[in-house]
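Okay, structure first, notes after.
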Amino acid sequence: MPSLQHRPSLWRFWLFLLVLSAIVWLGGVNVRAIIGNDLLKAGTLEFEEFLAPEAEREIFRLVSMTSLLVMASYIVLLASSILFLASSPYRMKQHGWLMMSAILFYVFVPVEAFTMYLDGKMIYQEFFTTADNEVFRGLFVQRMGALKGAPVVALLCYYTIVGLVVFQPFRRKQEAA
């Protein structure tokens, strides 16, 4: 059986899947943040008083549905990134931008795993129970306050990865053989 490195078109497939899942994942993260922002007073973890209970419940439902999309696309992104790095002709020694991108992405895998666990609790409450708004409020505040801002730092690093991939700094020139 040929190794991953001897299949020239396979790395392109993993790259395509990586890019597609990254777009869906980052887009879903932003949509979820915009939807969830309607629940809280600006700069606090306090809920807005003017929202009707039905509207608040609908926002929790939308947050749960987008979290499902975000979780699925992150899992695909993680798997395709590993397979891309294993099969790609790009070596991290010559492509510093790839090394930095990989480090910035993989260092936050534990953060994403923990927040996915918290999202999973909300998804479970949404689709498999008849929980009231108080349960969702507790889960939402727990998710928003999780890890004291590490998910926000992770998101900033993910946007840095986009810049690294576009501009490709720290690229070594090929030495003449």
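All residue names refer to the structure tokens as shown: chains lettered A, B, ... in order, residues numbered from 1 in each chain, ligands numbered from 1 in order.
The shell of residues at most 9 Å from range 144-149 of chain A, with only C-alpha atoms counted and near chain neighbours (fewer than 2 positions) removed, consists of A:Leu45, A:Val111, A:Phe114, A:Thr115, A:Leu118, A:Leu139, A:Phe140, A:Val141, A:Gln142, A:Pro151, A:Val152, A:Val153, A:Ala154.
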Could those selected residues go to a file with C-alpha atoms, as a PDB file, in the first residue's frame?
ATOM      1  CA  LEU A  45     -22.429  38.364  31.407  1.00  0.00           C
ATOM      2  CA  VAL A 111      -9.578  24.792  24.343  1.00  0.00           C
ATOM      3  CA  PHE A 114     -13.539  21.843  26.208  1.00  0.00           C
ATOM      4  CA  THR A 115     -15.815  24.431  24.628  1.00  0.00           C
ATOM      5  CA  LEU A 118     -19.942  22.752  26.869  1.00  0.00           C
ATOM      6  CA  LEU A 139     -25.128  26.752  30.228  1.00  0.00           C
ATOM      7  CA  PHE A 140     -24.716  29.905  28.125  1.00  0.00           C
ATOM      8  CA  VAL A 141     -23.013  31.840  30.935  1.00  0.00           C
ATOM      9  CA  GLN A 142     -20.780  28.836  31.652  1.00  0.00           C
ATOM     10  CA  PRO A 151     -11.512  31.027  23.226  1.00  0.00           C
ATOM     11  CA  VAL A 152     -11.272  34.698  22.213  1.00  0.00           C
ATOM     12  CA  VAL A 153      -7.471  34.486  22.042  1.00  0.00           C
ATOM     13  CA  ALA A 154      -7.867  31.304  19.992  1.00  0.00           C
TER      14      ALA A 154
END
**Q.** Shell around Met65 in chain A at 9 Å using only C-alpha atoms, local window under 4 positions removed, as a ChimeraX atom specification
**A.** /A:32,60-61,69-70,123,126
Let's have the selection written as a PDB file, in the first residue's frame, with C-alpha atoms.
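Below you can see out.pdb, which holds the result:
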ATOM      1  CA  ARG A  32     -22.998  32.021  16.747  1.00  0.00           C
ATOM      2  CA  PHE A  60     -30.859  29.519  22.535  1.00  0.00           C
ATOM      3  CA  ARG A  61     -32.228  27.204  19.836  1.00  0.00           C
ATOM      4  CA  LEU A  69     -22.554  23.026  12.637  1.00  0.00           C
ATOM      5  CA  VAL A  70     -19.433  24.487  14.261  1.00  0.00           C
ATOM      6  CA  ILE A 123     -27.176  20.800  22.201  1.00  0.00           C
ATOM      7  CA  GLU A 126     -32.054  21.558  23.145  1.00  0.00           C
TER       8      GLU A 126
END
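Going from CA of Pro110 in chain A to CA of Ile161 in chain A covers 17.7 Å.
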Q | Surrounding residues of Leu15 in chain A excluding itself and chain neighbours under 2 positions, 8 Å, only C-alpha atoms, as a ChimeraX atom specification | A | /A:11-13,17-19,80-81,84
Restricted to N, CA and C atoms, what would the selected residues look like written as a tab-separated table (two decimals), in the first residue's frame?
chain	number	residue	atom	x	y	z
A	11	TRP	N	-3.10	15.04	-1.37
A	11	TRP	CA	-2.91	16.21	-0.52
A	11	TRP	C	-3.78	17.37	-0.98
A	12	ARG	N	-4.06	17.44	-2.27
A	12	ARG	CA	-4.93	18.50	-2.78
A	12	ARG	C	-6.38	18.31	-2.30
A	13	PHE	N	-6.81	17.07	-2.24
A	13	PHE	CA	-8.14	16.77	-1.70
A	13	PHE	C	-8.23	17.21	-0.24
A	17	LEU	N	-10.65	20.06	1.39
A	17	LEU	CA	-11.52	19.79	2.54
A	17	LEU	C	-11.17	20.68	3.72
A	18	LEU	N	-9.88	20.93	3.92
A	18	LEU	CA	-9.42	21.81	4.99
A	18	LEU	C	-9.96	23.23	4.78
A	19	VAL	N	-9.81	23.76	3.58
A	19	VAL	CA	-10.27	25.12	3.29
A	19	VAL	C	-11.78	25.22	3.42
A	80	SER	N	-8.81	16.84	8.51
A	80	SER	CA	-8.23	17.16	7.20
A	80	SER	C	-6.90	17.90	7.34
A	81	SER	N	-6.73	18.68	8.40
A	81	SER	CA	-5.45	19.36	8.58
A	81	SER	C	-4.33	18.37	8.90
A	84	PHE	N	-3.64	16.56	5.64
A	84	PHE	CA	-2.95	17.44	4.70
A	84	PHE	C	-1.48	17.56	5.07
Please produce, as a tab-separated table, a per-residue contact table for range 131-176 of chain A versus range 46-53 of chain A (criterion: any atom at most 10 Å away, only C-alpha atoms considered), showing the nearest atom pair and its distance in Å to one decimal, sorted by chain then residue number.
residue	atom	partner	partner_atom	distance
A:Asp132	CA	A:Pro53	CA	9.5
A:Asn133	CA	A:Pro53	CA	7.4
A:Arg137	CA	A:Phe47	CA	8.4
A:Val141	CA	A:Glu46	CA	8.5
Q: Rank nothing, just name the residue among A:Trp25, A:Tyr106, A:Trp14, A:Phe136 nearest to Ala86 in chain A, using only C-alpha atoms.
A: A:Trp14
Q) For Ser101 in chain A, which residue out of A:Leu20, A:Val165, A:Leu10, A:Ala55 is the nearest one, using only C-alpha atoms? A) A:Val165
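Between CA of Val63 in chain A and CA of Ala33 in chain A lies a distance of 8.4 Å.
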**Q.** Residues within 10 Å of range 94-99 of chain A, only C-alpha atoms, excluding chain neighbours under 5 positions, as a list in words
**A.** Leu85, Leu104, Phe105, Ile161, Gly163, Leu164, Val165, Val166, Phe167, Gln168, Pro169, Phe170, Arg171, Arg172, Lys173 and Gln174 of chain A
Which neighbours of Met71 in chain A fall inside 10 Å, counting only C-alpha atoms, when residues of the same chain fewer than 2 positions from it are skipped, and could you give them as an mmCIF file with C-alpha atoms, in the first residue's frame?
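Ended up saving to result00.cif:
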data_model
loop_
_atom_site.group_PDB
_atom_site.id
_atom_site.type_symbol
_atom_site.label_atom_id
_atom_site.label_comp_id
_atom_site.auth_asym_id
_atom_site.auth_seq_id
_atom_site.Cartn_x
_atom_site.Cartn_y
_atom_site.Cartn_z
ATOM 1 C CA TRP A 25 -16.253 26.650 10.869
ATOM 2 C CA GLY A 28 -20.307 29.438 12.069
ATOM 3 C CA VAL A 29 -18.270 30.747 14.994
ATOM 4 C CA THR A 66 -25.054 26.766 14.946
ATOM 5 C CA SER A 67 -22.963 25.016 17.610
ATOM 6 C CA LEU A 68 -23.830 21.707 15.974
ATOM 7 C CA LEU A 69 -22.554 23.026 12.637
ATOM 8 C CA SER A 73 -16.949 21.428 10.757
ATOM 9 C CA TYR A 74 -14.200 21.672 13.408
ATOM 10 C CA ILE A 75 -13.876 17.884 13.554
ATOM 11 C CA VAL A 76 -13.595 17.739 9.745
ATOM 12 C CA LEU A 77 -11.095 20.619 9.836
ATOM 13 C CA GLU A 112 -11.832 23.861 21.436
ATOM 14 C CA ALA A 113 -12.424 20.382 22.882
ATOM 15 C CA THR A 115 -15.815 24.431 24.628
ATOM 16 C CA MET A 116 -17.238 21.716 22.355
ATOM 17 C CA TYR A 117 -18.053 19.741 25.497
ATOM 18 C CA ASP A 119 -21.669 23.255 23.511
ATOM 19 C CA GLY A 120 -22.593 19.585 23.520
#
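Atom pair CA of Ile35 in chain A / CA of Val135 in chain A: separated by 18.1 Å.
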Please return as a PDB file with C-alpha atoms, in the first residue's frame: the residues of range 9-124 of chain A that backbone DSSP assigns to alpha helix (DSSP H).
ATOM      1  CA  LEU A  10      -4.422  13.202  -2.286  1.00  0.00           C
ATOM      2  CA  TRP A  11      -2.915  16.206  -0.521  1.00  0.00           C
ATOM      3  CA  ARG A  12      -4.935  18.504  -2.782  1.00  0.00           C
ATOM      4  CA  PHE A  13      -8.137  16.774  -1.698  1.00  0.00           C
ATOM      5  CA  TRP A  14      -7.217  17.232   1.978  1.00  0.00           C
ATOM      6  CA  LEU A  15      -6.341  20.871   1.297  1.00  0.00           C
ATOM      7  CA  PHE A  16      -9.718  21.435  -0.376  1.00  0.00           C
ATOM      8  CA  LEU A  17     -11.523  19.786   2.536  1.00  0.00           C
ATOM      9  CA  LEU A  18      -9.424  21.813   4.995  1.00  0.00           C
ATOM     10  CA  VAL A  19     -10.267  25.121   3.292  1.00  0.00           C
ATOM     11  CA  LEU A  20     -13.959  24.285   2.937  1.00  0.00           C
ATOM     12  CA  SER A  21     -14.357  23.173   6.559  1.00  0.00           C
ATOM     13  CA  ALA A  22     -12.343  26.175   7.796  1.00  0.00           C
ATOM     14  CA  ILE A  23     -14.681  28.560   5.979  1.00  0.00           C
ATOM     15  CA  VAL A  24     -17.770  26.854   7.398  1.00  0.00           C
ATOM     16  CA  TRP A  25     -16.253  26.650  10.869  1.00  0.00           C
ATOM     17  CA  LEU A  26     -15.043  30.261  11.114  1.00  0.00           C
ATOM     18  CA  GLY A  27     -18.285  31.494   9.589  1.00  0.00           C
ATOM     19  CA  GLY A  28     -20.307  29.438  12.069  1.00  0.00           C
ATOM     20  CA  VAL A  29     -18.270  30.747  14.994  1.00  0.00           C
ATOM     21  CA  ASN A  30     -18.985  34.317  13.919  1.00  0.00           C
ATOM     22  CA  VAL A  31     -22.695  33.673  13.335  1.00  0.00           C
ATOM     23  CA  ARG A  32     -22.998  32.021  16.747  1.00  0.00           C
ATOM     24  CA  ALA A  33     -21.270  34.985  18.387  1.00  0.00           C
ATOM     25  CA  ILE A  34     -23.572  37.463  16.664  1.00  0.00           C
ATOM     26  CA  ILE A  35     -26.667  35.493  17.655  1.00  0.00           C
ATOM     27  CA  GLY A  36     -25.492  35.044  21.255  1.00  0.00           C
ATOM     28  CA  ASN A  37     -24.611  38.724  21.512  1.00  0.00           C
ATOM     29  CA  PRO A  53     -39.016  34.363  27.110  1.00  0.00           C
ATOM     30  CA  GLU A  54     -40.052  33.006  23.704  1.00  0.00           C
ATOM     31  CA  ALA A  55     -37.478  35.168  21.917  1.00  0.00           C
ATOM     32  CA  GLU A  56     -34.787  34.143  24.381  1.00  0.00           C
ATOM     33  CA  ARG A  57     -35.678  30.480  23.846  1.00  0.00           C
ATOM     34  CA  GLU A  58     -35.429  30.941  20.076  1.00  0.00           C
ATOM     35  CA  ILE A  59     -31.985  32.510  20.447  1.00  0.00           C
ATOM     36  CA  PHE A  60     -30.859  29.519  22.535  1.00  0.00           C
ATOM     37  CA  ARG A  61     -32.228  27.204  19.836  1.00  0.00           C
ATOM     38  CA  LEU A  62     -30.297  29.058  17.133  1.00  0.00           C
ATOM     39  CA  VAL A  63     -27.112  29.011  19.223  1.00  0.00           C
ATOM     40  CA  SER A  64     -27.516  25.238  19.667  1.00  0.00           C
ATOM     41  CA  MET A  65     -28.057  24.668  15.966  1.00  0.00           C
ATOM     42  CA  THR A  66     -25.054  26.766  14.946  1.00  0.00           C
ATOM     43  CA  SER A  67     -22.963  25.016  17.610  1.00  0.00           C
ATOM     44  CA  LEU A  68     -23.830  21.707  15.974  1.00  0.00           C
ATOM     45  CA  LEU A  69     -22.554  23.026  12.637  1.00  0.00           C
ATOM     46  CA  VAL A  70     -19.433  24.487  14.261  1.00  0.00           C
ATOM     47  CA  MET A  71     -18.618  21.229  16.055  1.00  0.00           C
ATOM     48  CA  ALA A  72     -19.016  19.099  12.927  1.00  0.00           C
ATOM     49  CA  SER A  73     -16.949  21.428  10.757  1.00  0.00           C
ATOM     50  CA  TYR A  74     -14.200  21.672  13.408  1.00  0.00           C
ATOM     51  CA  ILE A  75     -13.876  17.884  13.554  1.00  0.00           C
ATOM     52  CA  VAL A  76     -13.595  17.739   9.745  1.00  0.00           C
ATOM     53  CA  LEU A  77     -11.095  20.619   9.836  1.00  0.00           C
ATOM     54  CA  LEU A  78      -8.943  18.920  12.470  1.00  0.00           C
ATOM     55  CA  ALA A  79      -8.872  15.598  10.611  1.00  0.00           C
ATOM     56  CA  SER A  80      -8.226  17.159   7.203  1.00  0.00           C
ATOM     57  CA  SER A  81      -5.447  19.362   8.585  1.00  0.00           C
ATOM     58  CA  ILE A  82      -3.639  16.351  10.009  1.00  0.00           C
ATOM     59  CA  LEU A  83      -4.001  14.422   6.766  1.00  0.00           C
ATOM     60  CA  PHE A  84      -2.946  17.445   4.703  1.00  0.00           C
ATOM     61  CA  LEU A  85       0.221  17.920   6.744  1.00  0.00           C
ATOM     62  CA  ALA A  86       1.013  14.212   6.463  1.00  0.00           C
ATOM     63  CA  SER A  87       0.567  14.079   2.681  1.00  0.00           C
ATOM     64  CA  GLY A  96       7.781  28.776   8.206  1.00  0.00           C
ATOM     65  CA  TRP A  97       4.273  30.109   7.615  1.00  0.00           C
ATOM     66  CA  LEU A  98       2.997  26.516   7.571  1.00  0.00           C
ATOM     67  CA  MET A  99       4.808  25.710  10.816  1.00  0.00           C
ATOM     68  CA  MET A 100       3.441  28.818  12.524  1.00  0.00           C
ATOM     69  CA  SER A 101      -0.071  28.095  11.245  1.00  0.00           C
ATOM     70  CA  ALA A 102       0.073  24.532  12.521  1.00  0.00           C
ATOM     71  CA  ILE A 103       1.336  25.624  15.935  1.00  0.00           C
ATOM     72  CA  LEU A 104      -1.328  28.324  16.274  1.00  0.00           C
ATOM     73  CA  PHE A 105      -4.044  25.863  15.275  1.00  0.00           C
ATOM     74  CA  TYR A 106      -3.021  22.808  17.296  1.00  0.00           C
ATOM     75  CA  VAL A 109      -7.236  22.024  20.299  1.00  0.00           C
ATOM     76  CA  PRO A 110      -7.738  21.455  24.075  1.00  0.00           C
ATOM     77  CA  VAL A 111      -9.578  24.792  24.343  1.00  0.00           C
ATOM     78  CA  GLU A 112     -11.832  23.861  21.436  1.00  0.00           C
ATOM     79  CA  ALA A 113     -12.424  20.382  22.882  1.00  0.00           C
ATOM     80  CA  PHE A 114     -13.539  21.843  26.208  1.00  0.00           C
ATOM     81  CA  THR A 115     -15.815  24.431  24.628  1.00  0.00           C
ATOM     82  CA  MET A 116     -17.238  21.716  22.355  1.00  0.00           C
ATOM     83  CA  TYR A 117     -18.053  19.741  25.497  1.00  0.00           C
ATOM     84  CA  LEU A 118     -19.942  22.752  26.869  1.00  0.00           C
ATOM     85  CA  ASP A 119     -21.669  23.255  23.511  1.00  0.00           C
ATOM     86  CA  GLY A 120     -22.593  19.585  23.520  1.00  0.00           C
ATOM     87  CA  LYS A 121     -24.376  20.021  26.836  1.00  0.00           C
ATOM     88  CA  MET A 122     -26.468  22.831  25.339  1.00  0.00           C
ATOM     89  CA  ILE A 123     -27.176  20.800  22.201  1.00  0.00           C
ATOM     90  CA  TYR A 124     -28.285  17.862  24.346  1.00  0.00           C
TER      91      TYR A 124
END
